[in-house]
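The next block is data24.pdb, given as PDB, C-alpha atoms.
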ATOM      1  CA  MET A  37      -0.169  22.576  -7.973
ATOM      2  CA  ILE A  38      -3.682  22.184  -6.529
ATOM      3  CA  GLU A  39      -2.565  19.134  -4.569
ATOM      4  CA  GLU A  40       0.422  21.034  -3.167
ATOM      5  CA  PHE A  41      -1.862  23.854  -2.024
ATOM      6  CA  MET A  42      -4.203  21.329  -0.398
ATOM      7  CA  ILE A  43      -1.341  19.674   1.492
ATOM      8  CA  LEU A  44      -0.094  23.090   2.598
ATOM      9  CA  ALA A  45      -3.558  24.071   3.869
ATOM     10  CA  ASN A  46      -3.884  20.775   5.751
ATOM     11  CA  THR A  47      -0.436  21.229   7.285
ATOM     12  CA  CYS A  48      -1.073  24.825   8.371
ATOM     13  CA  VAL A  49      -4.337  23.896  10.109
ATOM     14  CA  ALA A  50      -2.755  20.902  11.861
ATOM     15  CA  LYS A  51       0.186  23.011  13.033
ATOM     16  CA  GLU A  52      -2.092  25.733  14.379
ATOM     17  CA  LEU A  53      -4.294  23.357  16.368
ATOM     18  CA  TYR A  54      -1.296  21.417  17.646
ATOM     19  CA  ARG A  55       0.580  24.582  18.617
ATOM     20  CA  HIS A  56      -2.319  25.644  20.829
ATOM     21  CA  GLN A  57      -2.827  22.072  22.101
ATOM     22  CA  MET A  58      -6.415  22.088  20.853
ATOM     23  CA  PRO A  59      -8.365  18.938  19.931
ATOM     24  CA  CYS A  60      -7.756  17.825  16.351
ATOM     25  CA  MET A  61      -8.218  14.718  14.226
ATOM     26  CA  TYR A  62      -4.818  14.126  12.633
ATOM     27  CA  ARG A  63      -3.999  12.069   9.564
ATOM     28  CA  VAL A  64      -1.033   9.993  10.711
ATOM     29  CA  HIS A  65       1.360   7.667   8.932
ATOM     30  CA  GLU A  66       3.966   6.007  11.119
ATOM     31  CA  ARG A  67       7.407   4.754  10.131
ATOM     32  CA  PRO A  68       7.755   1.274   8.560
ATOM     33  CA  ASP A  69       8.523  -1.690  10.810
ATOM     34  CA  LEU A  70      12.200  -2.610  11.093
ATOM     35  CA  GLU A  71      11.385  -6.206  10.130
ATOM     36  CA  ASN A  72       9.859  -5.037   6.834
ATOM     37  CA  ILE A  73      12.929  -2.897   6.126
ATOM     38  CA  GLU A  74      15.154  -5.944   6.672
ATOM     39  CA  ASP A  75      13.057  -7.941   4.187
ATOM     40  CA  LEU A  76      13.501  -5.153   1.653
ATOM     41  CA  MET A  77      17.271  -5.129   2.255
ATOM     42  CA  GLN A  78      17.325  -8.857   1.516
ATOM     43  CA  LEU A  79      15.431  -8.299  -1.731
ATOM     44  CA  SER A  80      17.850  -5.504  -2.697
ATOM     45  CA  MET A  81      20.793  -7.862  -2.255
ATOM     46  CA  LEU A  82      19.018 -10.422  -4.433
ATOM     47  CA  PHE A  83      18.686  -7.950  -7.322
ATOM     48  CA  HIS A  84      22.031  -6.212  -6.632
ATOM     49  CA  ILE A  85      20.361  -2.874  -5.942
ATOM     50  CA  PRO A  86      22.546  -0.503  -3.872
ATOM     51  CA  TRP A  87      20.953   0.090  -0.472
ATOM     52  CA  ILE A  88      20.402   3.657   0.744
ATOM     53  CA  ASP A  89      20.688   4.041   4.515
ATOM     54  CA  GLY A  90      18.063   5.995   6.417
ATOM     55  CA  MET A  91      15.025   5.016   4.326
ATOM     56  CA  GLU A  92      13.197   3.930   7.476
ATOM     57  CA  SER A  93      13.268   7.545   8.711
ATOM     58  CA  ASP A  94      13.354   9.647   5.531
ATOM     59  CA  PRO A  95      10.816   9.054   2.717
ATOM     60  CA  LYS A  96      12.907  11.169   0.323
ATOM     61  CA  ARG A  97      15.574   8.477   0.446
ATOM     62  CA  ILE A  98      12.977   5.912  -0.588
ATOM     63  CA  GLN A  99      12.428   7.867  -3.797
ATOM     64  CA  GLU A 100      16.197   8.043  -4.357
ATOM     65  CA  TYR A 101      16.349   4.288  -3.909
ATOM     66  CA  LEU A 102      13.562   3.664  -6.455
ATOM     67  CA  ASN A 103      14.992   6.148  -8.971
ATOM     68  CA  GLN A 104      18.238   4.166  -9.248
ATOM     69  CA  ILE A 105      16.458   0.967 -10.406
ATOM     70  CA  GLN A 106      16.826   0.737 -14.189
ATOM     71  CA  ASP A 107      14.827  -2.427 -14.858
ATOM     72  CA  GLU A 108      11.166  -1.343 -14.982
ATOM     73  CA  GLU A 109       9.809  -4.807 -14.138
ATOM     74  CA  ILE A 110      12.039  -5.082 -11.062
ATOM     75  CA  LYS A 111      11.113  -1.521 -10.123
ATOM     76  CA  LYS A 112       7.401  -2.377 -10.223
ATOM     77  CA  CYS A 113       7.942  -5.391  -7.966
ATOM     78  CA  ILE A 114      10.119  -3.484  -5.488
ATOM     79  CA  SER A 115       7.606  -0.619  -5.398
ATOM     80  CA  TYR A 116       4.774  -3.089  -4.772
ATOM     81  CA  ILE A 117       6.632  -4.826  -1.943
ATOM     82  CA  MET A 118       7.736  -1.500  -0.472
ATOM     83  CA  LEU A 119       4.145  -0.256  -0.486
ATOM     84  CA  ARG A 120       3.015  -3.381   1.371
ATOM     85  CA  SER A 121       5.813  -2.953   3.927
ATOM     86  CA  MET A 122       4.677   0.532   4.885
ATOM     87  CA  GLN A 123       2.352   1.271   7.757
ATOM     88  CA  LYS A 124      -1.202   2.178   6.767
ATOM     89  CA  ALA A 125      -2.221   5.820   7.113
ATOM     90  CA  GLN A 126      -5.065   6.345   9.568
ATOM     91  CA  TYR A 127      -6.792   8.937  11.745
ATOM     92  CA  ASP A 128      -5.757   9.650  15.324
ATOM     93  CA  GLY A 129      -6.398  12.213  18.023
ATOM     94  CA  ARG A 130      -2.651  12.231  18.684
ATOM     95  CA  CYS A 131      -0.185  14.071  16.470
ATOM     96  CA  LEU A 132       2.100  11.206  15.381
ATOM     97  CA  GLY A 133       3.371  12.719  12.127
ATOM     98  CA  HIS A 134       2.996  11.623   8.509
ATOM     99  CA  PHE A 135       5.983   9.601   7.324
ATOM    100  CA  GLY A 136       4.943   9.427   3.672
ATOM    101  CA  LEU A 137       4.690  13.210   3.371
ATOM    102  CA  ALA A 138       7.637  13.847   5.729
ATOM    103  CA  LEU A 139       5.468  16.123   7.883
ATOM    104  CA  LYS A 140       5.384  16.418  11.680
ATOM    105  CA  GLU A 141       1.809  17.732  11.757
ATOM    106  CA  TYR A 142      -0.879  16.846   9.229
ATOM    107  CA  CYS A 143      -4.668  16.600   9.110
ATOM    108  CA  HIS A 144      -7.478  16.500   6.553
ATOM    109  CA  PHE A 145      -8.918  19.990   6.420
ATOM    110  CA  THR A 146      -9.742  20.296   2.725
ATOM    111  CA  SER A 147     -10.386  17.630   0.091
ATOM    112  CA  PRO A 148     -12.155  17.152  -3.261
ATOM    113  CA  ILE A 149     -14.716  15.013  -1.415
ATOM    114  CA  ARG A 150     -16.145  16.029   1.939
ATOM    115  CA  ARG A 151     -14.873  13.536   4.495
ATOM    116  CA  TYR A 152     -16.194  13.405   8.037
ATOM    117  CA  SER A 153     -12.646  13.884   9.306
ATOM    118  CA  ASP A 154     -12.563  17.276   7.558
ATOM    119  CA  VAL A 155     -15.865  18.218   9.202
ATOM    120  CA  VAL A 156     -14.468  17.356  12.654
ATOM    121  CA  VAL A 157     -11.465  19.627  12.029
ATOM    122  CA  HIS A 158     -13.774  22.418  10.794
ATOM    123  CA  ARG A 159     -15.785  22.162  14.016
ATOM    124  CA  MET A 160     -12.634  22.407  16.134
ATOM    125  CA  LEU A 161     -11.465  25.472  14.183
ATOM    126  CA  LYS A 162     -14.843  27.158  14.564
ATOM    127  CA  LYS A 163     -15.114  26.309  18.258
ATOM    128  CA  TYR A 164     -11.609  27.142  19.427
ATOM    129  CA  ILE A 165     -10.045  29.509  16.876
ATOM    130  CA  PHE A 166     -12.993  31.613  15.725
ATOM    131  CA  SER A 167     -15.383  31.371  18.692
ATOM    132  CA  LYS A 168     -12.464  31.260  21.151
ATOM    133  CA  GLN A 169     -14.217  28.855  23.501
ATOM    134  CA  SER A 170     -12.295  27.336  26.385
ATOM    135  CA  ILE A 171     -10.930  23.861  25.686
ATOM    136  CA  ASP A 172     -13.319  21.039  26.488
ATOM    137  CA  GLU A 173     -11.285  17.991  27.590
ATOM    138  CA  ASN A 174     -14.127  15.725  26.456
ATOM    139  CA  ASP A 175     -13.363  16.674  22.844
ATOM    140  CA  PHE A 176     -10.012  14.847  23.012
ATOM    141  CA  ASP A 177     -11.659  11.548  24.024
ATOM    142  CA  LYS A 178     -14.484  12.021  21.539
ATOM    143  CA  ILE A 179     -12.103  12.669  18.653
ATOM    144  CA  GLN A 180      -9.960   9.662  19.542
ATOM    145  CA  SER A 181     -13.054   7.440  19.506
ATOM    146  CA  GLN A 182     -14.179   8.920  16.187
ATOM    147  CA  SER A 183     -10.688   8.430  14.730
ATOM    148  CA  VAL A 184     -10.716   4.714  15.501
ATOM    149  CA  HIS A 185     -14.194   4.306  13.995
ATOM    150  CA  ILE A 186     -13.383   6.269  10.820
ATOM    151  CA  SER A 187     -10.096   4.395  10.305
ATOM    152  CA  ILE A 188     -11.895   1.050  10.567
ATOM    153  CA  LYS A 189     -14.550   2.131   8.067
ATOM    154  CA  GLU A 190     -11.886   3.457   5.711
ATOM    155  CA  ARG A 191     -10.097   0.085   5.703
ATOM    156  CA  GLU A 192     -13.408  -1.684   5.100
ATOM    157  CA  ALA A 193     -14.140   0.610   2.143
ATOM    158  CA  ILE A 194     -10.676  -0.002   0.640
ATOM    159  CA  ALA A 195     -11.094  -3.766   1.032
ATOM    160  CA  LEU A 196     -14.496  -3.602  -0.659
ATOM    161  CA  GLU A 197     -13.101  -1.503  -3.505
ATOM    162  CA  ARG A 198     -10.311  -4.038  -4.074
ATOM    163  CA  LYS A 199     -12.830  -6.877  -3.997
ATOM    164  CA  ILE A 200     -14.986  -5.187  -6.640
ATOM    165  CA  ASP A 201     -11.909  -4.554  -8.823
ATOM    166  CA  ALA A 202     -10.962  -8.236  -8.535
ATOM    167  CA  ILE A 203     -14.486  -9.357  -9.437
ATOM    168  CA  LYS A 204     -14.591  -7.097 -12.491
ATOM    169  CA  MET A 205     -11.158  -8.300 -13.627
ATOM    170  CA  ALA A 206     -12.262 -11.920 -13.253
ATOM    171  CA  GLU A 207     -15.441 -11.125 -15.166
ATOM    172  CA  TYR A 208     -13.375  -9.574 -17.947
ATOM    173  CA  MET A 209     -10.923 -12.495 -18.111
ATOM    174  CA  LYS A 210     -13.634 -15.155 -18.381
ATOM    175  CA  ARG A 211     -13.853 -14.561 -22.134
ATOM    176  CA  TYR A 212     -10.118 -15.294 -22.432
ATOM    177  CA  ILE A 213     -10.013 -18.738 -20.794
ATOM    178  CA  GLY A 214      -7.553 -20.795 -22.832
ATOM    179  CA  ASN A 215      -5.670 -17.745 -24.152
ATOM    180  CA  LYS A 216      -1.977 -17.017 -23.581
ATOM    181  CA  PHE A 217      -0.676 -13.814 -21.970
ATOM    182  CA  GLU A 218       2.629 -12.246 -20.961
ATOM    183  CA  GLY A 219       3.138 -11.048 -17.404
ATOM    184  CA  THR A 220       5.485 -10.525 -14.487
ATOM    185  CA  ILE A 221       5.725 -12.509 -11.257
ATOM    186  CA  THR A 222       4.938  -9.944  -8.561
ATOM    187  CA  SER A 223       4.708 -12.214  -5.525
ATOM    188  CA  VAL A 224       5.890 -15.699  -4.644
ATOM    189  CA  LEU A 225       4.407 -17.708  -1.794
ATOM    190  CA  GLU A 226       4.461 -21.323  -0.693
ATOM    191  CA  PHE A 227       1.251 -22.134  -2.566
ATOM    192  CA  GLY A 228       2.174 -20.464  -5.861
ATOM    193  CA  CYS A 229       3.131 -17.339  -7.810
ATOM    194  CA  PHE A 230       1.007 -14.262  -8.373
ATOM    195  CA  VAL A 231       1.441 -12.894 -11.880
ATOM    196  CA  THR A 232       0.373  -9.452 -13.072
ATOM    197  CA  LEU A 233      -0.417  -9.434 -16.776
ATOM    198  CA  ASP A 234       0.534  -6.540 -19.003
ATOM    199  CA  ASN A 235      -3.145  -5.517 -18.999
ATOM    200  CA  GLY A 236      -3.060  -5.130 -15.193
ATOM    201  CA  VAL A 237      -4.983  -8.291 -14.282
ATOM    202  CA  GLU A 238      -3.488 -10.362 -11.451
ATOM    203  CA  GLY A 239      -3.829 -14.118 -11.186
ATOM    204  CA  LEU A 240      -2.277 -17.126  -9.486
ATOM    205  CA  ILE A 241      -0.120 -19.964 -10.802
ATOM    206  CA  PRO A 242      -0.912 -22.630  -8.179
ATOM    207  CA  VAL A 243       2.103 -24.694  -7.193
ATOM    208  CA  HIS A 244       0.048 -27.874  -7.667
ATOM    209  CA  SER A 245      -0.422 -26.998 -11.365
ATOM    210  CA  LEU A 246       3.339 -27.050 -12.058
ATOM    211  CA  ASN A 247       4.778 -30.084 -13.829
ATOM    212  CA  ASP A 248       7.444 -30.718 -11.189
ATOM    213  CA  TYR A 249       7.781 -30.655  -7.409
ATOM    214  CA  TYR A 250       8.615 -27.107  -6.338
ATOM    215  CA  THR A 251       9.860 -25.909  -2.947
ATOM    216  CA  TYR A 252       9.467 -22.388  -1.631
ATOM    217  CA  GLN A 253      12.613 -20.375  -0.829
ATOM    218  CA  PRO A 254      11.503 -17.360   1.260
ATOM    219  CA  SER A 255      14.998 -15.845   1.350
ATOM    220  CA  THR A 256      14.987 -15.361  -2.435
ATOM    221  CA  TYR A 257      11.208 -15.015  -3.001
ATOM    222  CA  SER A 258      11.277 -17.985  -5.351
ATOM    223  CA  LEU A 259      10.015 -21.506  -6.078
ATOM    224  CA  HIS A 260      12.631 -24.121  -7.029
ATOM    225  CA  SER A 261      11.909 -27.294  -8.961
ATOM    226  CA  SER A 262      13.485 -30.599  -7.916
ATOM    227  CA  GLY A 263      17.202 -30.457  -8.537
ATOM    228  CA  ASN A 264      16.901 -26.681  -9.025
ATOM    229  CA  LYS A 265      16.396 -27.281 -12.747
ATOM    230  CA  HIS A 266      13.943 -24.418 -12.923
ATOM    231  CA  ILE A 267      13.236 -21.373 -10.765
ATOM    232  CA  LEU A 268      10.214 -19.096 -10.594
ATOM    233  CA  GLN A 269      11.248 -15.822  -9.003
ATOM    234  CA  ILE A 270       9.762 -12.425  -8.256
ATOM    235  CA  GLY A 271      10.335  -9.973 -11.113
ATOM    236  CA  GLN A 272      10.562 -12.749 -13.719
ATOM    237  CA  ARG A 273       8.758 -12.389 -17.042
ATOM    238  CA  VAL A 274       6.544 -15.380 -17.822
ATOM    239  CA  THR A 275       4.047 -16.660 -20.363
ATOM    240  CA  VAL A 276       0.851 -18.094 -18.894
ATOM    241  CA  ARG A 277      -2.459 -19.519 -20.047
ATOM    242  CA  VAL A 278      -5.759 -18.565 -18.400
ATOM    243  CA  THR A 279      -7.217 -21.823 -17.082
ATOM    244  CA  GLN A 280      -9.918 -20.895 -14.598
ATOM    245  CA  VAL A 281     -11.941 -17.908 -13.426
ATOM    246  CA  ASN A 282     -14.078 -17.534 -10.306
ATOM    247  CA  ILE A 283     -16.060 -14.329 -10.701
ATOM    248  CA  GLU A 284     -17.752 -14.537  -7.303
ATOM    249  CA  LYS A 285     -14.398 -14.736  -5.502
ATOM    250  CA  GLY A 286     -12.621 -12.426  -7.943
ATOM    251  CA  GLN A 287      -9.955 -15.029  -8.721
ATOM    252  CA  VAL A 288      -8.082 -15.777 -11.942
ATOM    253  CA  GLU A 289      -5.943 -18.899 -12.284
ATOM    254  CA  PHE A 290      -3.064 -19.405 -14.699
ATOM    255  CA  ARG A 291      -0.976 -22.288 -15.947
ATOM    256  CA  TYR A 292       2.724 -21.591 -16.357
ATOM    257  CA  LEU A 293       3.983 -22.123 -19.924
ATOM    258  CA  LYS A 294       7.463 -20.590 -19.985
TER     259      LYS A 294
END

Take the structure in this file and express it as structure tokens.
Amino acid sequence: MIEEFMILANTCVAKELYRHQMPCMYRVHERPDLENIEDLMQLSMLFHIPWIDGMESDPKRIQEYLNQIQDEEIKKCISYIMLRSMQKAQYDGRCLGHFGLALKEYCHFTSPIRRYSDVVVHRMLKKYIFSKQSIDENDFDKIQSQSVHISIKEREAIALERKIDAIKMAEYMKRYIGNKFEGTITSVLEFGCFVTLDNGVEGLIPVHSLNDYYTYQPSTYSLHSSGNKHILQIGQRVTVRVTQVNIEKGQVEFRYLK
């Protein structure tokens, strides 16, 4: 309920500033690329998941699409790939809409933590709504410049957070080198398969560690052994052994068992 009120407050402020064509730092989230949608369609065909038209323009249909997937492991993989296919939310001086929230106008006006973007919006409200000052065209350029800078720093912070998580997971898994674990293949690339264990740790099965020669099939997100005797495919449950850990790089390596 609190989150809904926060979103409503953010939306109301964004609408008010946009309606009066006043400077504002918007939180924008553009539609997914058509190429990414086509990749998702291909994956849906692979798993025989009925496609729902209009997902590229209506986020509510994305939820309908996910709700129909019964297999939880497949659902996790599809959700992960879908998340990667989406555009990244960022700040902008232009009102470009927020696809994920299905909103035409949106900004960060209130939040549990005080972000600089919120402060910028507060200043615009105070200057133009409460103090009723005439619009300063320089504010538009200034906000656009600030938006680019803040978006860059936000991406850097997210990357650093992910790096720290990976390092801590590698640090944790070092004590389990040689142990067996169950997991799900969440990504398949030419150089190997990424497996997410049931405890949430992600690691790589390098293709060079497999006992046979495997070729990558991008159309089916899979690795095929010679003669197609064995296939490693996204969404597949596997048993692996922890073989190597690099704490500094935040990397965990597995050997495929079955």

Neighbour list for stretch 50-61 of chain A as JSON, numbers by chain, cut-off 8 Å, all atoms listed in the file, skip fewer than 5 positions in-chain
{"A": [127, 128, 129, 130, 131, 141, 142, 143, 144, 153, 156, 157, 160, 161, 164, 171, 175, 176, 179, 180, 183]}

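With distances restricted to all atoms listed in the file, A:Arg273 is the closest residue to A:Asp107 from A:Lys163, A:Val288, A:Met205, A:Arg273.
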
Picked residues, the PyMOL selection byres ((chain A and resi 136) around 7), expected as an mmCIF file with C-alpha atoms, in the frame of the given file:
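Writing done, so here's out.cif:
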data_model
loop_
_atom_site.group_PDB
_atom_site.id
_atom_site.type_symbol
_atom_site.label_atom_id
_atom_site.label_comp_id
_atom_site.auth_asym_id
_atom_site.auth_seq_id
_atom_site.Cartn_x
_atom_site.Cartn_y
_atom_site.Cartn_z
ATOM 1 C CA HIS A 65 1.360 7.667 8.932
ATOM 2 C CA PRO A 95 10.816 9.054 2.717
ATOM 3 C CA HIS A 134 2.996 11.623 8.509
ATOM 4 C CA PHE A 135 5.983 9.601 7.324
ATOM 5 C CA LEU A 137 4.690 13.210 3.371
ATOM 6 C CA ALA A 138 7.637 13.847 5.729
#

re atom CA of A:Tyr101 and atom CA of A:Gly271: distance 17.1 Å

Among the residues A:Ile85, A:Leu225, A:Met118, A:Val231, the one that comes closest to A:Tyr250 [using all atoms listed in the file]:
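Looking only at the distances to A:Tyr250, the closest residue turns out to be A:Leu225.
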
For the file shown, what are the residues hit by the PyMOL selection byres ((chain A and resi 224) around 7), laid out as a list in words?
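Selected by the PyMOL selection byres ((chain A and resi 224) around 7) here: Ser223, Leu225, Gly228, Cys229, Phe230, Tyr257, Ser258, Gln269 and Ile270 of chain A.
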
One-decimal distance in Å that lies between atom CA of A:Arg67 and atom CA of A:Ser93
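Straight-line distance from atom CA of A:Ser93 to atom CA of A:Arg67 works out to 6.6 Å.
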
From A:His266, A:Lys112, A:Lys285, A:Lys140, residue lying nearest A:Lys204 [only C-alpha atoms]
A:Lys285

Dump as number ranges by chain all residues having an atom at most 10 Å from (-9.3, -22.3, -24.5), computed in the file's coordinates with all atoms listed in the file.
A: 211-216, 277-279

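Using all atoms listed in the file, the shortest contact distance between A:Ile203 and any of A:Ser80, A:Asn235, A:Asn282, A:Asn103 is found at A:Asn282.
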
Using all atoms listed in the file: which of A:Glu190, A:Asp172, A:Thr222, A:Ile200 has the shortest distance to A:Ile114:
A:Thr222
